[in-house]
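Novice: To be precise about what I am sending: the file is called input03.cif and holds mmCIF, C-alpha atoms.
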data_entry
#
loop_
_atom_site.label_atom_id
_atom_site.label_comp_id
_atom_site.auth_asym_id
_atom_site.auth_seq_id
_atom_site.Cartn_x
_atom_site.Cartn_y
_atom_site.Cartn_z
CA MET A 1 64.33 90.35 23.03
CA THR A 2 65.87 86.87 23.31
CA GLY A 3 67.16 84.99 20.30
CA LEU A 4 64.28 82.50 20.48
CA ALA A 5 61.68 85.26 20.64
CA GLN A 6 63.32 87.02 17.71
CA GLU A 7 63.17 83.79 15.71
CA VAL A 8 59.47 83.25 16.51
CA VAL A 9 58.67 86.79 15.34
CA GLU A 10 60.55 86.26 12.08
CA VAL A 11 58.98 82.86 11.42
CA ASP A 12 55.54 84.53 11.54
CA LEU A 13 56.38 86.99 8.76
CA GLY A 14 54.30 85.12 6.17
CA SER A 15 55.59 83.55 2.97
CA GLU A 16 56.47 86.80 1.21
CA GLY A 17 58.19 88.12 4.33
CA LEU A 18 60.15 84.87 4.61
CA LEU A 19 61.32 85.15 1.01
CA GLU A 20 62.64 88.63 1.76
CA ARG A 21 64.27 87.56 5.03
CA HIS A 22 65.85 84.46 3.51
CA LEU A 23 67.24 86.56 0.67
CA VAL A 24 69.36 88.42 3.22
CA LEU A 25 70.64 85.14 4.73
CA ALA A 26 71.59 83.42 1.45
CA ARG A 27 75.30 83.07 0.73
CA PRO A 28 76.88 83.16 -2.77
CA GLU A 29 77.62 79.42 -2.62
CA ASP A 30 73.98 78.52 -1.89
CA ALA A 31 72.82 77.47 -5.34
CA VAL A 32 69.94 75.84 -7.20
CA ARG A 33 69.67 74.22 -10.64
CA GLY A 34 68.57 76.27 -13.61
CA MET A 35 65.69 73.90 -14.37
CA PHE A 36 63.74 75.40 -11.46
CA PHE A 37 64.17 78.94 -12.80
CA ASN A 38 62.97 77.77 -16.19
CA GLY A 39 60.04 75.93 -14.62
CA VAL A 40 58.87 79.07 -12.81
CA LEU A 41 59.30 81.23 -15.90
CA GLY A 42 57.49 78.73 -18.10
CA ALA A 43 54.57 78.45 -15.69
CA VAL A 44 54.34 82.22 -15.30
CA GLY A 45 54.47 82.66 -19.06
CA GLN A 46 51.63 80.20 -19.62
CA LEU A 47 49.44 81.78 -16.96
CA MET A 48 50.23 85.48 -17.36
CA GLY A 49 51.94 85.86 -20.75
CA GLU A 50 55.52 86.14 -21.94
CA GLU A 51 55.84 89.83 -21.09
CA VAL A 52 55.28 89.09 -17.40
CA ALA A 53 57.69 86.16 -17.59
CA ARG A 54 60.37 88.42 -19.09
CA HIS A 55 59.85 90.93 -16.31
CA CYS A 56 60.27 88.16 -13.73
CA ARG A 57 63.45 86.94 -15.43
CA GLN A 58 64.92 90.44 -15.16
CA ALA A 59 64.61 90.17 -11.38
CA THR A 60 67.11 87.28 -11.41
CA GLY A 61 69.88 89.29 -13.03
CA GLU A 62 70.38 86.50 -15.62
CA ARG A 63 69.59 86.60 -19.32
CA LYS A 64 68.99 82.85 -19.49
CA HIS A 65 69.21 79.75 -17.31
CA VAL A 66 70.66 76.40 -18.37
CA ASP A 67 68.80 73.53 -16.71
CA PHE A 68 71.77 71.75 -15.13
CA PHE A 69 73.89 74.78 -14.37
CA THR A 70 73.60 76.18 -10.85
CA TYR A 71 72.67 79.74 -9.95
CA PRO A 72 72.51 81.54 -6.59
CA VAL A 73 69.43 80.75 -4.57
CA ALA A 74 69.22 84.49 -3.89
CA SER A 75 68.35 84.93 -7.57
CA PHE A 76 65.65 82.27 -7.24
CA LEU A 77 64.22 84.05 -4.21
CA ARG A 78 64.10 87.30 -6.18
CA LEU A 79 62.34 85.44 -8.99
CA CYS A 80 59.72 84.12 -6.56
CA LEU A 81 59.22 87.59 -5.09
CA SER A 82 58.70 89.04 -8.55
CA ALA A 83 56.29 86.22 -9.42
CA SER A 84 54.43 86.88 -6.18
CA GLY A 85 53.77 90.45 -7.23
CA HIS A 86 52.49 89.44 -10.66
CA VAL A 87 50.96 85.99 -10.14
CA GLY A 88 50.11 85.95 -6.44
CA PRO A 89 46.94 88.06 -6.80
CA ARG A 90 45.75 85.79 -9.64
CA LEU A 91 46.19 82.63 -7.55
CA GLY A 92 44.94 83.98 -4.23
CA GLY A 93 48.14 85.08 -2.52
CA CYS A 94 51.81 84.27 -2.11
CA GLU A 95 51.32 80.97 -0.27
CA ARG A 96 49.06 79.51 -2.95
CA MET A 97 51.46 80.70 -5.60
CA LEU A 98 54.39 79.01 -3.82
CA ARG A 99 52.47 75.72 -3.58
CA TRP A 100 51.76 76.00 -7.31
CA LEU A 101 55.45 76.63 -8.03
CA GLY A 102 56.45 73.78 -5.73
CA GLU A 103 54.31 71.32 -7.67
CA GLN A 104 55.86 72.65 -10.87
CA ALA A 105 59.34 72.10 -9.40
CA ALA A 106 58.48 68.48 -8.56
CA ARG A 107 57.33 67.83 -12.13
CA ASP A 108 60.43 69.53 -13.53
CA PHE A 109 62.81 67.48 -11.42
CA LEU A 110 61.03 64.17 -11.99
CA GLY A 111 61.13 64.87 -15.73
CA SER A 112 64.92 65.28 -15.64
CA MET A 113 67.43 62.44 -15.98
CA ALA A 114 68.01 62.32 -12.21
CA GLY A 115 64.29 62.39 -11.56
CA LYS A 116 63.54 59.65 -14.08
CA THR A 117 66.18 57.50 -12.40
CA ALA A 118 64.47 58.10 -9.04
CA LEU A 119 61.11 57.12 -10.52
CA LEU A 120 62.63 53.98 -12.03
CA LEU A 121 64.12 52.96 -8.70
CA ALA A 122 60.81 53.63 -6.93
CA GLU A 123 58.96 51.21 -9.25
CA GLY A 124 55.73 53.15 -8.87
CA ASN A 125 55.83 53.11 -5.07
CA PRO A 126 55.24 56.59 -3.53
CA LYS A 127 56.99 55.62 -0.29
CA ARG A 128 60.11 54.49 -2.13
CA LEU A 129 60.13 57.69 -4.14
CA LEU A 130 59.86 59.90 -1.07
CA SER A 131 62.56 57.87 0.68
CA GLN A 132 64.93 59.11 -2.02
CA LEU A 133 64.06 62.72 -1.18
CA PRO A 134 67.37 63.59 0.60
CA SER A 135 69.48 62.45 -2.35
CA SER A 136 67.12 64.12 -4.84
CA TYR A 137 67.47 67.45 -3.05
CA ARG A 138 71.26 67.07 -3.03
CA ALA A 139 71.12 66.72 -6.81
CA ALA A 140 68.99 69.86 -7.09
CA VAL A 141 70.45 72.33 -4.57
CA SER A 142 73.76 72.88 -2.80
CA TYR A 143 72.44 73.79 0.64
CA GLY A 144 70.55 72.28 3.55
CA GLU A 145 69.76 68.83 4.89
CA ARG A 146 66.60 66.73 4.59
CA SER A 147 65.47 63.55 6.29
CA VAL A 148 62.41 61.32 6.01
CA MET A 149 60.87 59.35 8.88
CA TRP A 150 58.01 56.87 8.42
CA VAL A 151 55.21 56.22 10.90
CA GLY A 152 53.24 53.86 8.67
CA GLY A 153 52.95 52.52 5.16
CA SER A 154 51.61 55.78 3.79
CA ARG A 155 52.34 58.27 6.56
CA GLY A 156 55.58 60.04 7.30
CA ARG A 157 57.40 63.14 8.36
CA VAL A 158 59.94 65.17 6.38
CA LEU A 159 62.42 67.42 8.18
CA MET A 160 64.27 70.19 6.35
CA ARG A 161 67.19 72.10 7.84
CA ARG A 162 68.69 75.31 6.45
CA ASP A 163 66.40 75.57 3.46
CA PHE A 164 65.61 78.97 1.96
CA MET A 165 62.14 78.30 0.57
CA PRO A 166 59.05 78.87 2.77
CA PRO A 167 57.00 75.85 3.92
CA ALA A 168 54.25 76.51 1.34
CA TYR A 169 56.73 75.87 -1.49
CA HIS A 170 57.83 72.51 -0.08
CA GLU A 171 54.22 71.54 0.55
CA GLY A 172 53.81 71.89 -3.20
CA VAL A 173 57.00 69.94 -3.91
CA LEU A 174 55.95 67.04 -1.70
CA ARG A 175 52.38 67.00 -3.01
CA GLY A 176 53.61 67.14 -6.62
CA THR A 177 56.05 64.29 -6.00
CA LEU A 178 53.35 62.06 -4.57
CA LEU A 179 50.91 62.88 -7.38
CA VAL A 180 53.51 62.00 -10.03
CA ALA A 181 54.04 58.70 -8.20
CA GLY A 182 50.32 57.97 -8.53
CA ALA A 183 49.29 58.58 -4.90
CA ARG A 184 45.69 59.59 -4.16
CA GLY A 185 44.16 61.47 -1.27
CA VAL A 186 47.44 63.29 -0.71
CA HIS A 187 47.75 65.45 2.41
CA VAL A 188 50.79 67.60 3.19
CA GLN A 189 50.99 69.99 6.12
CA GLY A 190 54.12 72.01 6.84
CA ARG A 191 55.13 74.06 9.82
CA PRO A 192 58.20 76.18 10.57
CA LEU A 193 60.64 75.03 13.26
CA GLY A 194 62.93 78.02 12.87
CA LEU A 195 63.81 80.65 10.33
CA LEU A 196 65.36 78.15 7.88
CA ASP A 197 64.02 74.89 9.34
CA SER A 198 60.64 73.24 8.76
CA GLU A 199 58.75 69.97 9.22
CA TYR A 200 56.07 68.31 7.07
CA GLU A 201 53.44 65.72 7.89
CA ILE A 202 52.59 63.69 4.80
CA SER A 203 49.99 61.00 4.10
CA TRP A 204 48.05 59.47 1.24
CA GLU A 205 45.49 56.75 0.64
#
Once you've parsed the file, please lay out its structure as structure tokens.

Specialist:
Amino acid sequence: MTGLAQEVVEVDLGSEGLLERHLVLARPEDAVRGMFFNGVLGAVGQLMGEEVARHCRQATGERKHVDFFTYPVASFLRLCLSASGHVGPRLGGCERMLRWLGEQAARDFLGSMAGKTALLLAEGNPKRLLSQLPSSYRAAVSYGERSVMWVGGSRGRVLMRRDFMPPAYHEGVLRGTLLVAGARGVHVQGRPLGLLDSEYEISWE
């Protein structure tokens, strides 16, 4: 099997399969802020109860997470896999759960000091806020590259390279970001370009 064919097969694993595959590829230096762990655990606790949230925390190998400390993305992937087993059936599957967690992540970041600064600079303009996406991601995670290209006043394309979260998660992040900015009629559609690369078409009214 050629390398390209192998990649196509792996991209079609589904969101839960991608989480498991990406877990193998993550390096120790690939890290994410603690606020996103706490956001997942808080959302899981509200929906399913604190006992389920504690079980999910155990999957990370950490007793607690400090919002602005960084932790291995592999631990975050294990957290999402654990949440998928407990919360996924309640929400209709792993992909819907990841979109839900992605929206939670957007709210968590935009509620932080860095996120509030981004909102202030955007002055209520969704396009300006999304244009800051590459720098916002750099403040949140240590890995990958993101770029934003515009094809109109409220239509654009986001490209993500070497990112460990499945497309469904980033669909939630992008949708949540636009909703916080006050956009209506939000549409986000992601597609994989490779095992760790993806592209997103975004639009709003």

Novice: Closest to A:Gly111 among A:Gly156, A:Gly39, A:Pro166, A:Gly45, using all atoms listed in the file?

Specialist: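 The shortest atom-to-atom distance to A:Gly111 comes from A:Gly39.
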
Novice: Which of these, A:Gly176, A:Pro126, A:Gly85, A:Pro192, has the shortest distance to A:Trp204 once you count only C-alpha atoms?

Specialist: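 Looking at the shortest contact to A:Trp204, the residue is A:Pro126.
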
Novice: Go through the shown structure with the PyMOL selection byres ((chain A and resi 137) around 12) and write out the matching residues as a ChimeraX atom specification.

Specialist: /A:31-33,105-106,109-110,114-115,118,130-136,138-147,160-161,163,170,173-174

Novice: With the PyMOL selection byres ((chain A and resi 61) around 12) as the selection, what would be picked from this file? Answer as a CSV table (one decimal) with C-alpha atoms, in the frame of the given file, please.

Specialist:
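Okay, this is what ended up in selection.csv:
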chain,number,residue,atom,x,y,z
A,37,PHE,CA,64.2,78.9,-12.8
A,54,ARG,CA,60.4,88.4,-19.1
A,55,HIS,CA,59.8,90.9,-16.3
A,56,CYS,CA,60.3,88.2,-13.7
A,57,ARG,CA,63.4,86.9,-15.4
A,58,GLN,CA,64.9,90.4,-15.2
A,59,ALA,CA,64.6,90.2,-11.4
A,60,THR,CA,67.1,87.3,-11.4
A,62,GLU,CA,70.4,86.5,-15.6
A,63,ARG,CA,69.6,86.6,-19.3
A,64,LYS,CA,69.0,82.8,-19.5
A,65,HIS,CA,69.2,79.8,-17.3
A,71,TYR,CA,72.7,79.7,-10.0
A,72,PRO,CA,72.5,81.5,-6.6
A,74,ALA,CA,69.2,84.5,-3.9
A,75,SER,CA,68.4,84.9,-7.6
A,76,PHE,CA,65.6,82.3,-7.2
A,77,LEU,CA,64.2,84.0,-4.2
A,78,ARG,CA,64.1,87.3,-6.2
A,79,LEU,CA,62.3,85.4,-9.0

Novice: Quick one: pull the distance between atom CA of A:Leu193 and atom CA of A:Leu159, Å, one decimal.

Specialist: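 So the answer is 9.3 Å.
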
Novice: When distances are computed from only C-alpha atoms, which of A:Leu19, A:Val44, A:Val87, A:Met35 shows the smallest separation from A:Met113?

Specialist: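 Under the stated criterion, the closest residue is A:Met35.
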
Novice: Show which residues sit within 9 Å of A:Glu201, as number ranges by chain. Count only C-alpha atoms, and ignore same-chain residues fewer than 3 positions away.

Specialist: A: 155-158, 187-191

Novice: Distance cut-off 9 Å, centre (68.4, 83.4, 3.6) in file coordinates, counting all atoms listed in the file: which residues qualify? Return them as an MDAnalysis selection string.

Specialist: chainID A and resid 18:27 73:74 77 162:165 195:196

Novice: Let me have the centre and edge lengths in Å, one decimal, of the box along x, y and z around every listed atom of stretch 38-47 of chain A with 5 Å of margin on each side, as AutoDock Vina command-line options.

Specialist:
--center_x 56.2 --center_y 79.3 --center_z -16.2 --size_x 23.5 --size_y 16.7 --size_z 16.8

Novice: Between atom CA of A:Val186 and atom CA of A:Ser203, what is the spacing in Å?

Specialist: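 Distance reported for this atom pair: 5.9 Å.
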
Novice: Between A:Ile202, A:Val40, A:Leu81, A:Val148, which one has atoms that come closest to A:Asp108, using only C-alpha atoms?

Specialist: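 Under the stated criterion, the closest residue is A:Val40.
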
Novice: A:Ser154, A:Ser82, A:Ser112, A:Thr117: which is nearest A:Val52, counting all atoms listed in the file?

Specialist: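 The answer is A:Ser82, which sits nearest to A:Val52.
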
Novice: Atom CA of A:Gly14 to atom CA of A:Glu103: how many Å, to one decimal?

Specialist: 19.5 Å

Novice: Counting all atoms listed in the file, which of A:Val151, A:Ala183, A:Leu47, A:Val66 gets nearest to A:Met97?

Specialist: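 Comparing A:Val151, A:Ala183, A:Leu47, A:Val66 against A:Met97, the winner is A:Leu47.
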